[in-house]
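So this block is work_16.txt, compact mmCIF, C-alpha atoms:
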```
# COMPACT_ATOMS: atom_id res chain seq x y z
CA MET G 1 0.00 0.00 0.00
CA LEU G 2 1.07 3.56 -0.53
CA ASN G 3 1.66 5.39 2.67
CA GLU G 4 2.00 9.14 2.51
CA GLU G 5 4.15 9.55 5.57
CA ARG G 6 6.52 6.88 4.36
CA ILE G 7 6.79 8.34 0.89
CA LYS G 8 7.59 11.76 2.31
CA LEU G 9 10.34 10.29 4.41
CA MET G 10 11.70 8.28 1.50
CA THR G 11 11.68 11.34 -0.75
CA LYS G 12 13.58 13.35 1.81
CA MET G 13 16.11 10.59 2.21
CA ALA G 14 16.48 10.02 -1.53
CA SER G 15 17.12 13.71 -2.01
CA TYR G 16 19.73 13.61 0.74
CA GLU G 17 21.37 10.58 -0.85
CA ALA G 18 21.50 12.31 -4.21
CA ASN G 19 22.94 15.57 -2.92
CA GLU G 20 25.10 16.10 0.12
CA GLY G 21 24.65 12.57 1.35
CA LYS G 22 26.73 11.17 -1.46
CA ARG G 23 29.87 12.81 -0.15
CA ASN G 24 29.08 12.15 3.46
CA MET G 25 28.52 8.47 2.78
CA ALA G 26 31.86 8.22 1.03
CA ILE G 27 33.43 9.72 4.14
CA GLY G 28 31.34 7.56 6.44
CA ASN G 29 32.69 4.38 4.85
CA TYR G 30 36.05 5.02 6.47
CA PHE G 31 37.09 4.77 10.06
CA ARG G 32 38.12 8.14 11.41
CA GLY G 33 41.82 7.35 11.53
CA ASP G 34 41.82 5.82 8.05
CA TYR G 35 40.00 8.73 6.49
CA ILE G 36 42.19 11.37 8.04
CA SER G 37 45.42 9.55 7.32
CA VAL G 38 44.51 8.98 3.66
CA GLN G 39 43.70 12.66 3.28
CA VAL G 40 46.83 13.79 5.07
CA ILE G 41 48.96 11.54 2.86
CA LYS G 42 47.29 13.05 -0.18
CA SER G 43 48.01 16.48 1.23
CA ILE G 44 51.66 15.60 1.69
CA ILE G 45 51.88 14.47 -1.93
CA HIS G 46 50.24 17.69 -3.08
CA ALA G 47 52.51 19.77 -0.90
CA THR G 48 55.52 17.99 -2.36
CA ILE G 49 54.40 18.78 -5.89
CA ALA G 50 53.76 22.40 -4.92
CA PHE G 51 57.17 22.64 -3.32
CA PHE G 52 58.81 21.34 -6.47
CA ILE G 53 56.98 23.91 -8.57
CA VAL G 54 58.15 26.72 -6.33
CA PHE G 55 61.62 25.27 -6.21
CA ALA G 56 61.77 25.00 -10.00
CA LEU G 57 60.65 28.62 -10.31
CA PHE G 58 63.30 29.66 -7.83
CA VAL G 59 66.03 27.78 -9.62
CA PHE G 60 65.05 29.17 -12.98
CA TYR G 61 64.85 32.66 -11.54
CA ASP G 62 68.37 32.46 -10.18
CA LEU G 63 69.70 30.32 -12.99
CA GLU G 64 72.54 32.60 -14.00
CA LEU G 65 73.71 33.17 -10.48
CA LEU G 66 73.43 29.50 -9.71
CA MET G 67 75.37 28.48 -12.80
CA ALA G 68 78.11 30.95 -12.06
CA ASP G 69 78.47 29.99 -8.44
CA ILE G 70 77.79 26.31 -8.59
CA TYR G 71 81.41 25.32 -7.99
CA LYS G 72 81.91 27.79 -5.22
CA MET G 73 78.80 26.90 -3.28
CA ASP G 74 78.58 24.50 -0.40
CA LEU G 75 76.10 22.13 -2.02
CA LEU G 76 75.61 20.09 1.12
CA ASP G 77 74.60 23.17 3.01
CA LEU G 78 72.25 24.25 0.24
CA GLY G 79 70.69 20.80 0.19
CA LYS G 80 70.20 20.92 3.94
CA THR G 81 68.51 24.30 3.76
CA ILE G 82 66.21 23.10 0.99
CA ILE G 83 65.26 19.98 2.92
CA ILE G 84 64.52 22.03 6.03
CA TYR G 85 62.31 24.39 4.03
CA TYR G 86 60.59 21.44 2.48
CA LEU G 87 59.93 19.75 5.80
CA VAL G 88 58.61 22.92 7.42
CA PHE G 89 56.28 23.54 4.51
CA VAL G 90 54.98 19.97 4.37
CA VAL G 91 54.49 19.71 8.11
CA ILE G 92 52.52 22.97 8.27
CA TYR G 93 50.39 21.93 5.34
CA ALA G 94 49.80 18.47 6.80
CA VAL G 95 48.74 19.90 10.15
CA ILE G 96 46.28 22.25 8.47
CA SER G 97 44.82 19.42 6.42
CA TYR G 98 44.59 17.22 9.52
CA VAL G 99 42.50 19.86 11.26
CA VAL G 100 40.29 20.42 8.21
CA TYR G 101 39.62 16.76 7.58
CA ALA G 102 39.07 15.89 11.22
CA TYR G 103 36.41 18.58 11.29
CA ARG G 104 34.88 17.32 8.05
CA TYR G 105 34.76 13.77 9.32
CA ALA G 106 32.97 14.81 12.47
CA LYS G 107 30.46 16.81 10.45
CA ALA G 108 29.79 13.99 8.01
CA ARG G 109 29.26 11.53 10.84
CA LYS G 110 26.78 13.82 12.49
CA SER G 111 24.83 14.27 9.30
CA LEU G 112 24.86 10.52 8.61
CA LYS G 113 23.55 9.84 12.09
CA ILE G 114 20.38 11.70 11.24
CA TYR G 115 20.14 9.73 8.03
CA TYR G 116 20.51 6.41 9.83
CA ASN G 117 17.87 7.47 12.32
CA ASN G 118 15.56 8.13 9.41
CA LEU G 119 16.33 4.68 8.07
CA LYS G 120 15.34 3.18 11.38
CA LYS G 121 12.16 5.18 11.35
CA LEU G 122 11.41 3.94 7.85
CA ALA G 123 11.96 0.35 8.87
CA TYR G 124 9.63 0.93 11.77
CA LEU G 125 6.96 2.32 9.47
CA TYR G 126 7.23 -0.71 7.19
CA ASP G 127 7.10 -2.99 10.15
CA LYS G 128 4.01 -1.34 11.51
CA GLU G 129 2.28 -1.55 8.16
CA SER G 130 3.08 -5.18 7.55
CA LYS G 131 1.74 -6.05 11.00
CA ARG G 132 -1.49 -4.28 10.22
CA TYR G 133 -2.10 -6.45 7.17
CA GLU G 134 -1.25 -9.72 8.79
CA MET L 135 8.69 47.64 -0.24
CA THR L 136 5.68 45.37 -0.54
CA ASN L 137 6.06 45.38 -4.30
CA LEU L 138 9.66 44.30 -3.96
CA LEU L 139 8.69 41.50 -1.63
CA VAL L 140 6.05 40.34 -4.07
CA LEU L 141 8.58 40.50 -6.86
CA ARG L 142 10.94 38.37 -4.82
CA GLU L 143 8.27 35.78 -4.17
CA GLN L 144 7.48 35.68 -7.86
CA MET L 145 11.13 35.23 -8.67
CA LYS L 146 11.31 32.36 -6.25
CA LYS L 147 8.29 30.76 -7.85
CA ILE L 148 9.68 31.17 -11.34
CA TYR L 149 13.02 29.82 -10.25
CA SER L 150 11.61 26.75 -8.58
CA ARG L 151 9.54 26.03 -11.64
CA TYR L 152 12.07 26.65 -14.38
CA GLU L 153 15.21 25.84 -12.45
CA ALA L 154 16.22 23.30 -15.08
CA TYR L 155 16.57 26.10 -17.65
CA ILE L 156 17.61 29.04 -15.49
CA THR L 157 20.72 27.48 -13.94
CA PRO L 158 22.31 26.46 -17.27
CA THR L 159 21.48 29.90 -18.70
CA LEU L 160 23.21 31.62 -15.81
CA LYS L 161 26.20 29.32 -16.13
CA PHE L 162 26.32 30.03 -19.83
CA LEU L 163 26.28 33.78 -19.20
CA LEU L 164 29.02 33.52 -16.61
CA ALA L 165 31.24 31.48 -18.91
CA PHE L 166 30.47 33.72 -21.87
CA ILE L 167 31.28 36.93 -20.03
CA SER L 168 34.45 35.52 -18.49
CA LEU L 169 35.75 34.11 -21.75
CA SER L 170 34.95 37.29 -23.67
CA MET L 171 36.73 39.28 -21.03
CA ILE L 172 39.80 37.05 -21.16
CA ASN L 173 39.82 37.44 -24.93
CA ASN L 174 39.51 41.17 -24.53
CA VAL L 175 42.42 41.55 -22.16
CA ILE L 176 44.88 38.97 -23.43
CA GLY L 177 43.47 37.71 -26.71
CA TYR L 178 46.81 36.81 -28.24
CA MET L 179 45.83 33.46 -29.69
CA SER L 180 43.78 34.36 -32.73
CA SER L 181 42.18 30.94 -33.08
CA LEU L 182 40.65 31.27 -29.62
CA ASN L 183 39.79 34.93 -29.95
CA ASN L 184 36.76 34.13 -31.97
CA MET L 185 33.11 34.52 -31.15
CA ALA L 186 32.20 31.04 -32.35
CA VAL L 187 34.79 29.40 -30.10
CA VAL L 188 33.66 31.45 -27.13
CA LEU L 189 30.05 30.52 -27.76
CA ILE L 190 30.83 26.83 -28.07
CA LEU L 191 32.93 26.81 -24.91
CA ALA L 192 30.29 28.76 -23.00
CA LEU L 193 27.61 26.35 -24.17
CA MET L 194 29.72 23.46 -22.95
CA CYS L 195 30.11 25.17 -19.60
CA SER L 196 26.38 25.58 -19.22
CA PHE L 197 25.98 21.80 -18.93
CA LEU L 198 29.20 20.90 -17.19
CA PRO L 199 29.80 21.31 -13.49
CA MET L 200 30.70 24.78 -12.33
CA ASN L 201 34.31 23.97 -11.54
CA LEU L 202 34.96 23.00 -15.14
CA THR L 203 34.13 26.56 -16.17
CA ILE L 204 37.08 27.66 -14.10
CA VAL L 205 39.32 25.00 -15.57
CA ILE L 206 38.30 26.01 -19.09
CA SER L 207 38.90 29.68 -18.33
CA ALA L 208 42.30 28.83 -16.90
CA VAL L 209 43.21 26.78 -19.97
CA VAL L 210 42.09 29.55 -22.33
CA THR L 211 44.12 32.07 -20.34
CA LEU L 212 47.18 29.85 -20.51
CA ALA L 213 46.75 29.32 -24.23
CA HIS L 214 46.60 33.05 -24.85
CA LEU L 215 49.63 33.66 -22.69
CA TYR L 216 51.50 30.88 -24.43
CA ALA L 217 50.81 32.48 -27.78
CA PHE L 218 52.18 35.72 -26.37
CA SER L 219 55.23 34.44 -24.54
CA LEU L 220 56.23 31.10 -23.15
CA GLU L 221 57.60 32.63 -19.95
CA CYS L 222 54.29 34.26 -19.08
CA ALA L 223 52.50 30.97 -19.64
CA VAL L 224 54.93 29.14 -17.40
CA VAL L 225 54.54 31.63 -14.57
CA ALA L 226 50.77 31.65 -14.90
CA LEU L 227 50.66 27.86 -15.03
CA ALA L 228 52.77 27.65 -11.89
CA ILE L 229 50.48 30.08 -10.09
CA PHE L 230 47.31 28.26 -11.19
CA LEU L 231 48.77 24.91 -10.22
CA LEU L 232 49.80 26.17 -6.81
CA LEU L 233 46.34 27.60 -6.18
CA PHE L 234 44.60 24.40 -7.19
CA ILE L 235 46.99 22.01 -5.52
CA LEU L 236 47.35 23.83 -2.24
CA TYR L 237 44.07 25.51 -1.65
CA PHE L 238 41.19 24.40 -3.79
CA ARG L 239 41.30 20.80 -2.80
CA PHE L 240 40.07 22.01 0.57
CA SER L 241 37.22 24.14 -0.65
CA PRO L 242 36.05 23.14 -4.11
CA LYS L 243 32.87 25.14 -3.56
CA ASP L 244 34.75 28.40 -3.26
CA THR L 245 36.57 27.94 -6.53
CA ILE L 246 34.10 30.11 -8.39
CA VAL L 247 35.36 33.14 -6.48
CA VAL L 248 38.65 32.91 -8.37
CA LEU L 249 36.69 33.51 -11.55
CA LEU L 250 34.30 36.07 -10.11
CA THR L 251 36.99 38.26 -8.56
CA PRO L 252 38.82 39.07 -11.81
CA LEU L 253 35.41 39.40 -13.48
CA CYS L 254 34.32 42.04 -10.98
CA PHE L 255 37.66 43.80 -11.38
CA GLY L 256 37.00 43.88 -15.09
CA LEU L 257 33.53 45.29 -14.51
CA LYS L 258 35.07 47.94 -12.21
CA ILE L 259 33.16 46.75 -9.17
CA PRO L 260 35.80 44.72 -7.33
CA TYR L 261 34.60 45.87 -3.93
CA VAL L 262 31.49 43.75 -4.29
CA ILE L 263 33.54 40.62 -3.80
CA PRO L 264 34.87 41.10 -0.26
CA LEU L 265 31.49 42.36 0.92
CA ALA L 266 29.55 39.53 -0.67
CA MET L 267 31.97 36.84 0.45
CA GLY L 268 32.00 38.22 3.97
CA LEU L 269 28.24 38.04 4.01
CA VAL L 270 27.76 34.56 2.59
CA GLY L 271 31.10 32.93 3.21
CA THR L 272 33.35 32.17 6.11
CA PRO L 273 36.64 33.78 7.10
CA VAL L 274 38.32 31.10 4.98
CA SER L 275 36.81 32.76 1.90
CA ALA L 276 39.46 35.42 2.42
CA VAL L 277 41.95 32.96 0.99
CA SER L 278 39.80 32.32 -2.07
CA VAL L 279 39.38 36.01 -2.72
CA ALA L 280 43.11 36.51 -2.23
CA CYS L 281 43.70 33.87 -4.91
CA GLY L 282 41.29 35.71 -7.22
CA VAL L 283 43.09 39.00 -6.61
CA ILE L 284 46.42 37.39 -7.38
CA VAL L 285 45.11 35.90 -10.62
CA TYR L 286 43.70 39.24 -11.72
CA TYR L 287 46.83 41.25 -11.00
CA VAL L 288 49.16 38.68 -12.53
CA ILE L 289 47.22 38.63 -15.78
CA THR L 290 46.82 42.39 -15.88
CA TYR L 291 50.50 42.82 -15.21
CA MET L 292 51.38 40.49 -18.05
CA SER L 293 49.09 42.24 -20.50
CA LYS L 294 50.34 45.67 -19.40
CA SER L 295 53.99 44.82 -19.70
CA ALA L 296 53.55 43.26 -23.13
CA ALA L 297 55.60 45.99 -24.79
CA ALA L 298 58.42 45.66 -22.28
CA LEU L 299 58.45 41.90 -22.68
CA ASN L 300 58.61 42.14 -26.44
CA ALA L 301 61.65 44.35 -26.13
CA PHE L 302 63.72 41.48 -24.74
CA ASP L 303 65.63 39.63 -27.38
CA ALA L 304 64.88 36.01 -28.08
CA ASP L 305 67.78 34.76 -25.99
CA GLY L 306 66.72 36.61 -22.91
CA MET L 307 64.43 33.92 -21.64
CA VAL L 308 65.79 34.00 -18.12
CA GLN L 309 65.72 37.80 -18.08
CA LYS L 310 62.13 37.79 -19.26
CA PHE L 311 61.28 35.28 -16.62
CA ARG L 312 62.95 37.34 -13.93
CA TYR L 313 61.20 40.44 -15.16
CA ILE L 314 57.80 38.76 -14.85
CA ILE L 315 58.47 37.27 -11.43
CA ASP L 316 59.86 40.55 -10.12
CA GLY L 317 56.82 42.36 -11.43
CA VAL L 318 54.41 39.88 -9.88
CA ILE L 319 56.07 39.76 -6.49
CA GLY L 320 56.84 43.44 -6.33
CA ASN L 321 53.32 44.46 -7.27
CA ARG L 322 52.41 46.62 -4.28
CA GLU L 323 48.95 47.42 -5.53
CA MET L 324 48.21 43.71 -5.56
CA MET L 325 49.51 43.24 -2.03
CA VAL L 326 47.52 46.19 -0.69
CA THR L 327 44.34 45.06 -2.41
CA LEU L 328 44.88 41.53 -1.23
CA VAL L 329 45.33 42.50 2.39
CA ALA L 330 42.46 45.01 2.26
CA PHE L 331 40.06 42.48 0.77
CA ALA L 332 41.03 39.70 3.14
CA ALA L 333 40.69 41.97 6.16
CA THR L 334 37.37 43.30 4.91
CA ILE L 335 35.98 39.80 4.54
CA ILE L 336 36.90 38.94 8.09
CA VAL L 337 35.45 42.20 9.43
CA VAL L 338 32.22 41.78 7.48
CA TYR L 339 31.92 38.16 8.56
CA PHE L 340 32.27 38.89 12.25
CA ILE L 341 29.93 41.86 12.21
CA ARG L 342 27.18 40.07 10.33
CA ARG L 343 27.31 37.27 12.87
CA LEU L 344 26.64 39.65 15.73
CA SER L 345 23.20 39.32 17.20
CA VAL L 346 22.14 42.89 16.71
CA ASP L 347 19.41 44.31 14.51
CA TYR L 348 20.47 45.13 10.96
CA ALA L 349 23.71 43.21 11.45
CA TRP L 350 23.98 42.63 7.70
CA THR L 351 23.60 46.27 6.78
CA ILE L 352 25.99 47.38 9.51
CA ALA L 353 28.47 44.78 8.32
CA MET L 354 28.20 46.02 4.74
CA ILE L 355 28.75 49.66 5.58
CA THR L 356 31.50 49.03 8.11
CA GLY L 357 33.16 46.65 5.67
CA THR L 358 33.08 49.22 2.90
CA LEU L 359 34.52 51.95 5.10
CA PHE L 360 37.14 49.57 6.39
CA ASN L 361 38.05 48.60 2.86
CA ILE L 362 38.38 52.23 1.79
CA LEU L 363 40.52 52.90 4.84
CA CYS L 364 42.79 49.96 4.11
CA MET L 365 43.21 50.94 0.49
CA LEU L 366 43.99 54.54 1.39
CA LEU L 367 46.39 53.48 4.09
CA GLY L 368 48.09 51.20 1.59
CA ASP L 369 48.28 54.10 -0.83
CA LEU L 370 49.85 56.27 1.83
CA LEU L 371 52.39 53.69 2.91
CA TYR L 372 53.34 52.20 -0.44
CA SER L 373 52.14 54.89 -2.84
CA THR L 374 50.07 52.50 -4.92
CA ASN L 375 48.30 55.33 -6.75
CA VAL L 376 44.78 54.22 -6.01
CA SER L 377 42.33 56.58 -7.62
CA VAL L 378 40.47 57.93 -4.61
CA LEU L 379 37.43 58.96 -6.58
CA GLY L 380 37.18 55.55 -8.22
CA LEU L 381 37.59 53.88 -4.85
CA ILE L 382 34.82 55.87 -3.20
CA PHE L 383 32.46 55.76 -6.13
CA GLY L 384 33.12 52.05 -6.71
CA SER L 385 32.51 51.37 -3.02
CA ILE L 386 29.19 53.17 -3.06
CA VAL L 387 28.07 51.26 -6.13
CA SER L 388 29.27 48.04 -4.50
CA VAL L 389 27.29 48.61 -1.31
CA PHE L 390 24.23 49.25 -3.39
CA LEU L 391 24.78 46.10 -5.46
CA VAL L 392 25.40 43.96 -2.41
CA LYS L 393 22.24 45.33 -0.80
CA VAL L 394 20.29 44.29 -3.88
CA LEU L 395 21.98 40.89 -3.84
CA GLN L 396 21.18 40.49 -0.18
CA PHE L 397 17.52 41.19 -0.78
CA PHE L 398 17.13 38.92 -3.76
CA VAL L 399 19.71 36.22 -3.31
CA PHE L 400 21.50 35.78 -0.03
CA ASN L 401 18.67 35.53 2.44
CA VAL L 402 16.25 33.84 0.13
CA ASP L 403 15.82 30.13 0.00
CA TYR L 404 15.77 29.31 -3.67
CA SER L 405 14.84 25.73 -3.07
CA ARG L 406 14.30 23.98 -6.29
CA THR L 407 12.10 21.31 -7.65
CA GLU L 408 13.68 17.96 -7.09
CA MET L 409 13.18 14.78 -9.00
CA VAL L 410 14.06 11.70 -7.03
CA GLN L 411 13.48 8.05 -7.68
CA PHE L 412 13.59 5.09 -5.39
CA GLU L 413 11.90 1.76 -4.93
CA ASP L 414 10.71 -0.59 -2.27
CA ASP L 415 9.51 -4.18 -2.48
CA GLU L 416 6.25 -3.27 -4.14
CA TYR L 417 6.70 -0.06 -6.07
CA TYR L 418 8.97 2.17 -8.05
CA TYR L 419 8.57 5.75 -6.99
CA TYR L 420 9.28 8.67 -9.31
CA VAL L 421 8.73 11.66 -7.09
CA LYS L 422 8.78 15.26 -8.17
CA ALA L 423 9.08 17.35 -5.05
CA VAL L 424 7.98 20.94 -5.66
CA PRO L 425 8.81 23.38 -2.86
CA LYS L 426 5.91 25.18 -1.28
CA ASN L 427 6.21 28.90 -1.45
CA THR L 428 4.76 30.40 1.66
CA VAL L 429 5.05 34.12 2.06
CA ALA L 430 3.41 34.63 5.45
CA ALA L 431 5.89 36.67 7.38
CA PRO L 432 5.30 36.13 11.07
CA GLU L 433 3.45 39.03 12.60
CA LYS L 434 4.70 40.45 15.80
CA ARG L 435 2.25 40.18 18.60
CA VAL L 436 2.75 41.59 22.03
CA LYS L 437 1.07 39.67 24.76
CA THR L 438 1.11 41.13 28.22
CA ILE L 439 0.97 38.68 30.99
CA ARG L 440 -0.21 40.19 34.19
CA VAL L 441 0.47 38.51 37.41
CA PRO L 442 -2.26 39.09 39.94
CA ASP L 443 -1.07 40.88 43.07
CA LYS L 444 -2.31 38.11 45.28
CA ALA L 445 -0.14 35.57 43.61
CA VAL L 446 2.90 37.73 44.16
CA ASN L 447 2.21 38.59 47.75
CA HIS L 448 1.12 35.17 48.92
CA PRO L 449 2.85 32.51 46.92
CA ARG L 450 1.23 29.12 47.30
CA LYS L 451 3.86 26.71 48.31
CA ASP L 452 2.33 23.35 47.73
CA VAL L 453 0.95 23.34 44.24
CA ARG L 454 -0.28 19.97 43.20
CA ARG L 455 -1.48 18.88 39.86
```
As structure tokens, how would this structure be written, given the file I've shared?
Amino acid sequence: MLNEERIKLMTKMASYEANEGKRNMAIGNYFRGDYISVQVIKSIIHATIAFFIVFALFVFYDLELLMADIYKMDLLDLGKTIIIYYLVFVVIYAVISYVVYAYRYAKARKSLKIYYNNLKKLAYLYDKESKRYE
Amino acid sequence: MTNLLVLREQMKKIYSRYEAYITPTLKFLLAFISLSMINNVIGYMSSLNNMAVVLILALMCSFLPMNLTIVISAVVTLAHLYAFSLECAVVALAIFLLLFILYFRFSPKDTIVVLLTPLCFGLKIPYVIPLAMGLVGTPVSAVSVACGVIVYYVITYMSKSAAALNAFDADGMVQKFRYIIDGVIGNREMMVTLVAFAATIIVVYFIRRLSVDYAWTIAMITGTLFNILCMLLGDLLYSTNVSVLGLIFGSIVSVFLVKVLQFFVFNVDYSRTEMVQFEDDEYYYYVKAVPKNTVAAPEKRVKTIRVPDKAVNHPRKDVRR
């Protein structure tokens, strides 16, 4: 039988599933630690790429100077400085992304909780209806 | 005022009914205007600087997700710059990549601001952006707007220094490159605008969140004044040559525009018709959910509750139900 209350609930839930729910469910499939670590690793990869872009720009900018001085420079020292810069940059970026994704995970969980409650309610409505017709 | 409210309700009704056509049209217009503007400013690649190409790309954008409009605009910009000079294209590509890699993976929804900010600069109403983003966004939007400001100034700088860049001989690739980077980093006007906009967004955001009457309007006006102040201060400190008249006039126009936007867009719930489908054991459901448009603004009623003197003087201690 068609039940108006049930259809309303289902419509609401279907609309949630199609819109913001899609993303939240993808997040909700992970455990908290897994989700955040995957995202932070992605962030680190992105930060590395970004660092290389900046580094390449820097090298190209100072190409002439670099070429002229390359035999005079203490390359080990330069390498150390670069690595320190890199680490500082990546760590800051990773911390920011940790905070962002931890917040997102909590938000998605909260939103999914409401959805699961609705599912329970729906099951209850079906249950009630099937009992009525028995 | 009543007429305006009625107009707004009608707009809502029209939108919820014809949403399927209105959204693509708006997207088309956005893409069309942005692409035409890019062609106008840096239309060096003649094969792209062509009405037919712009129309086709804009049509594509009207059906594709919003973020692809930005990608397409970025690609067109890069293509034009490449046709002009390889060094410019490389710098622009690096900047775009950095923006996308570092920032926009966090907030893909804000990406559109990067397109809208240069667009508003082109339309001479840049001050709309910090006000509007402060009103609808979060303090994080400051970063998005900053990205937009950077993109605008970088491209403008490249188009302005075209003559200077052409003067370099063909071998001077590194010199050209240095010239561009120096120009981009040493662009004080960009820095001042960037800081002013970011600060304005934060100011507007915090004021509009206050629980006072007319918080939005106060936020708008304070934000505008704050923005003017920042820009003038920047001018004083770094002599950026901001045209004071343009700043004040542009700000006034911006406040007005944002007020209009607030009335018609920001506070209004343009809920749209939704088509959803699902099934259970017995049926397939194809539901079209049309939002109800209820105008009824709640009337204020004052109800005085008078406590009888007796009750105050002789409180009954044991009240049982």
May I have the residues within 8 Å of Ser97 in chain G as a short mmCIF file (atom, residue, chain, number, x, y, z; two decimals) with C-alpha atoms, in the coordinates of the input, using all atoms listed in the file and disregarding those fewer than 2 positions away in the same chain?
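Saved to out18.cif:
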```cif
data_model
loop_
_atom_site.label_atom_id
_atom_site.label_comp_id
_atom_site.auth_asym_id
_atom_site.auth_seq_id
_atom_site.Cartn_x
_atom_site.Cartn_y
_atom_site.Cartn_z
CA GLN G 39 43.70 12.66 3.28
CA VAL G 40 46.83 13.79 5.07
CA SER G 43 48.01 16.48 1.23
CA TYR G 93 50.39 21.93 5.34
CA ALA G 94 49.80 18.47 6.80
CA VAL G 95 48.74 19.90 10.15
CA VAL G 99 42.50 19.86 11.26
CA VAL G 100 40.29 20.42 8.21
CA TYR G 101 39.62 16.76 7.58
CA PHE L 240 40.07 22.01 0.57
#
```
If you take only C-alpha atoms and a cut-off of 10 Å, which residues of chain G touch chain L, and what are their nearest atom pairs and distances in Å to one decimal, in chain and number order, as a tab-separated table?
```
residue	atom	partner	partner_atom	distance
G:Met1	CA	L:Glu416	CA	8.2
G:Leu2	CA	L:Tyr417	CA	8.7
G:Ile7	CA	L:Tyr419	CA	8.5
G:Lys8	CA	L:Ala423	CA	9.4
G:Met10	CA	L:Phe412	CA	7.8
G:Thr11	CA	L:Val410	CA	6.7
G:Lys12	CA	L:Val410	CA	9.0
G:Met13	CA	L:Val410	CA	9.5
G:Ala14	CA	L:Val410	CA	6.2
G:Ser15	CA	L:Val410	CA	6.2
G:Tyr16	CA	L:Val410	CA	9.8
G:Glu17	CA	L:Val410	CA	9.6
G:Ala18	CA	L:Val410	CA	8.0
G:Ser43	CA	L:Leu236	CA	8.2
G:Ile45	CA	L:Ile235	CA	9.7
G:His46	CA	L:Ile235	CA	5.9
G:Ala47	CA	L:Leu236	CA	6.7
G:Thr48	CA	L:Ile235	CA	9.9
G:Ile49	CA	L:Ile235	CA	8.1
G:Ala50	CA	L:Leu232	CA	5.8
G:Phe51	CA	L:Leu232	CA	8.9
G:Ile53	CA	L:Ala228	CA	6.5
G:Val54	CA	L:Ala228	CA	7.8
G:Ala56	CA	L:Ala228	CA	9.6
G:Leu57	CA	L:Val225	CA	8.0
G:Phe58	CA	L:Ile315	CA	9.7
G:Phe60	CA	L:Val308	CA	7.1
G:Tyr61	CA	L:Arg312	CA	5.6
G:Asp62	CA	L:Arg312	CA	8.2
G:Leu63	CA	L:Val308	CA	7.4
G:Glu64	CA	L:Val308	CA	8.0
G:Tyr93	CA	L:Leu236	CA	8.4
G:Ser97	CA	L:Phe240	CA	8.0
G:Val100	CA	L:Phe240	CA	7.8
G:Tyr101	CA	L:Phe240	CA	8.8
```
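If only C-alpha atoms are the atoms counted, then among G:Asn19, G:Met67, G:Ile92, G:Ile83 the closest residue to Phe52 in chain G is G:Ile83.
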*Skip range 117-132 of chain G itself and residues of its chain fewer than 3 positions away, then list as a ChimeraX atom specification all residues within 9 Å of it, counting all atoms listed in the file.*
/G:1,3,5-6,9-10,13,112-114
*Which is closer to Tyr149 in chain L than all the others in L:Pro425, L:Gly368, L:Gly317, L:Gly268, using all atoms listed in the file?*
L:Pro425
*Long-range neighbours of Ala106 in chain G as an MDAnalysis selection string, 12 Å cut-off, all atoms listed in the file, 3 positions minimum in chain*: chainID G and resid 24 27:28 30:33 35:36 99:103 109:113
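CA of Ala208 in chain L is positioned 16.9 Å from CA of Asn184 in chain L.
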*How many Å separate CA of Ile148 in chain L from CA of Leu164 in chain L?*
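Spanning CA of Ile148 in chain L to CA of Leu164 in chain L is a straight-line distance of 20.2 Å.
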Please write out, as AutoDock Vina command-line options, where the centre of an axis-aligned box around all listed atoms of range 77-85 of chain G lies and how long its edges are, in Å to one decimal, after adding 5 Å on each side.
```
--center_x 68.5 --center_y 22.2 --center_z 3.1 --size_x 22.3 --size_y 14.4 --size_z 15.8
```
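Every protein or nucleic acid residue with an atom no more than 7 Å from Pro252 in chain L, counting only C-alpha atoms and leaving out same-chain residues fewer than 5 positions away, appears here: Gly282, Val283 and Tyr286 of chain L.
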*Just the residues within 9 Å of Pro264 in chain L, please, counting all atoms listed in the file, with nothing from its chain fewer than 4 positions along; format it as a list of chain:residue names.*
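Using all atoms listed in the file, the neighbours found are L:Pro260, L:Gly268, L:Leu269, L:Ser275, L:Ala276, L:Val279, L:Ala330, L:Phe331, L:Ala332, L:Ala333, L:Thr334, L:Ile335, L:Ile336, L:Val338, L:Gly357, L:Thr358, L:Asn361.
Atom to atom, CA of Phe230 in chain L and CA of Leu249 in chain L stand 11.9 Å apart.
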